[in-house]
Every structure is written in structure tokens, then in C-alpha cells.
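Some notes on the structure that comes next.
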Amino acid sequence: MKLLKISILRQSTFKNKKYNLFKIKTNRDFNPLVIGTKIRRNLIKETKGTKITQASLFVLNKKSKEKLYHSLNEFTNIEEISEKTNEIIKNLERLKIKLVNKNLKKKIICITLTKENSFFKEIYKTIKISNLNQKICTIKSHNVEIKLLLKIEKEKGIKFNPIETINFIIPKKNNENNSSLFLETIRNDQTFTELYQSLKLIYNQQI
């Protein structure tokens, strides 16, 4: 049985959450409870995303005569930086990254952080960061600079699903020629891509 029509009845934003209400119709008789359950299971599956798989951190003290970057490891603590090295790495892992080029599987980028700029404020040509407000670290001194060498890979490591909540509502009465159900979702991302792809998959598959 293939779904015939998926329409958006409502979409809104509240406290950085995206709310959508869909109506799903088919021209054949089916058990709305069964199909609603299958749709819900499909949408709450975790999907592989893009993440930072390797991070190298280097620090520069501008007052030093050497003017060289020194490597940081997870046990290194710098007085002029509030966070420990392992906390900085955890903040990097919270970044929601996408590779703009679909054919690109990995990318290595170099970022410089200072006291004035401790966020990712740039959108690069090859990557897109959806949560630019994610703070990486707090640098207390103008004399300290951090260099990040990041390896970004697609479909590796942790999984991410932007859908936090999903419910389906079955009308009390359905038409003889077609049946329908309502689907409501709450997402924590700023794009519609993942949800659209999931619904498209449901539309094309036999369920």
C-alpha cells in the first residue's frame, strides 16, 4: 500500500523547537493504527550524520619569545582558558555540521579562536554549521590564541535524529474512498531536510 498524499497543515516555532502538523491520505482502506505506528517507528530511527572525528588543539602565547603553537592534550590545563581541554572537545562534538557537497565524505579545516572570537561565526564554502551559537571555550586573555585542526567526516561515529517528539491522531470517521491520519512532530533543528527525507521514504515504500 502506497501513501498518496502528505500535506502540511501547520508549522510553527516555539523556544527554538519546530512544530509540524501533517495530514496523510491514501485511497485504499487500511488500519490507521498500524500505519501510524510504522510511520512513527520510521521517523524516530536514529540517522547517521556528519561529525568531527578528530580534533587537534594548539595554543599560542603571544607574549612568548618563541611565538610557536604548542600542542594540547586532554590533560593540559591553561590558566587563561576557563575550560579544560576535554571540555573543549565535548563542545566541538556538540556542533551540528553538514558537508555542503554531497559527494564529499570528509574535510579538514583549521580554525583560530581568540578572546574576541570564541564561537564559530563563519559559514565555510564546504561546510555548514547550524548551531553557530554553540560556545567552544572562554579565553580570558588577549595574549592567548587557540588553533583547531578538525577532521570532519560524513556518516561516521555518533548518530543524530532531529525529531524529539512524534504523535499520530486517527480521525473518528474516514471516507469510504480514502482514509487519513494526522501526524504531529517536534524537531530541535533549524532545517526541514531530515524530516522531509524520512517522509519521502515512507511515501515511496510499501507499508
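Labeling convention for the C-alpha cells: chains A, B, ... as they appear, residues from 1 per chain, ligands from 1 in order of appearance.
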Exercise: Ile169 (chain A) partners within 7 Å, only C-alpha atoms, chain neighbours under 3 positions left out, as a ChimeraX atom specification:
/A:181-183
Tell me which protein, DNA and RNA residues are within 7 Å of Ile81 (chain A), counting only C-alpha atoms, leaving out same-chain ones fewer than 4 positions away, and put them as a PDB file with N, CA and C atoms, in the first residue's frame.
ATOM      1  N   THR A 138      36.156  29.644  26.592  1.00  0.00           N
ATOM      2  CA  THR A 138      36.253  31.022  27.077  1.00  0.00           C
ATOM      3  C   THR A 138      37.726  31.365  27.272  1.00  0.00           C
ATOM      4  N   ILE A 139      38.221  32.246  26.429  1.00  0.00           N
ATOM      5  CA  ILE A 139      39.619  32.678  26.514  1.00  0.00           C
ATOM      6  C   ILE A 139      39.662  33.996  27.279  1.00  0.00           C
ATOM      7  N   LYS A 140      40.398  34.022  28.373  1.00  0.00           N
ATOM      8  CA  LYS A 140      40.394  35.182  29.270  1.00  0.00           C
ATOM      9  C   LYS A 140      41.378  36.274  28.862  1.00  0.00           C
TER      10      LYS A 140
END
Skip Arg94 (chain A) itself and residues of its chain fewer than 5 positions away, then list as a PyMOL selection string all residues within 10 Å of it, counting only C-alpha atoms.
chain A and resi 51-52+89+131+134-136
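Restricting the calculation to only C-alpha atoms, the smallest distance between Glu164 (chain A) and any of A:Ile186, A:Leu60, A:Leu92, A:Ile24 is found for A:Ile186.
With only C-alpha atoms taken into account, the protein and nucleic acid residues at most 8 Å from Ile8 (chain A) (excluding it and anything under 5 positions from it in its own chain) are Asn20, Leu21, Phe22 and Lys23 of chain A.
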Store the residues picked out above, limited to C-alpha atoms, as an mmCIF file, in the first residue's frame.
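Result file again02.cif:
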data_model
loop_
_atom_site.group_PDB
_atom_site.id
_atom_site.type_symbol
_atom_site.label_atom_id
_atom_site.label_comp_id
_atom_site.auth_asym_id
_atom_site.auth_seq_id
_atom_site.Cartn_x
_atom_site.Cartn_y
_atom_site.Cartn_z
ATOM 1 C CA ASN A 20 4.652 20.498 12.274
ATOM 2 C CA LEU A 21 1.211 19.010 11.719
ATOM 3 C CA PHE A 22 0.757 16.748 8.672
ATOM 4 C CA LYS A 23 -2.225 15.065 7.085
#
Non-local contacts of region 82-88 of chain A (12 Å; only C-alpha atoms; under 5 positions in same chain excluded) as a list in words
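Residues near the query, excluding close chain neighbours: Ala55, Ser56, Leu57, Phe58, Val59, Ser71, Leu72, Asn73, Glu74, Phe75, Thr76, Asn77, Glu93, Arg94, Leu95, Leu113, Lys115, Ser118, Phe119, Gln134, Lys135, Ile136, Cys137, Thr138, Ile139, Lys140, Ser141, Ile146 and Leu148 of chain A.
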What is the CA of Lys151 (chain A)-CA of Cys110 (chain A) distance in Å, reported with one decimal?
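CA of Cys110 (chain A) lies at a distance of 9.0 Å from CA of Lys151 (chain A).
Taking region 9-158 of chain A and asking which residues DSSP calls alpha helix (DSSP H) on the backbone, you get Pro32, Leu33, Val34, Ile35, Gly36, Thr37, Lys38, Ile39, Arg40, Arg41, Asn42, Leu43, Thr85, Asn86, Glu87, Ile88, Ile89, Lys90, Asn91, Leu92 and Glu93 of chain A.
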Find, counting only C-alpha atoms, the residue in A:Glu145, A:Pro32, A:Phe14, A:Lys90 that gets nearest to Ile78 (chain A).
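Ranked by minimum distance to Ile78 (chain A), first place goes to A:Glu145.
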Hey, what does DSSP flag as strand (DSSP E or B) within region 16-151 of chain A? Can you give it to me as a PyMOL selection string?
chain A and resi 17-26+47-61+69-72+81+97-99+106-113+127-129+139+144-151
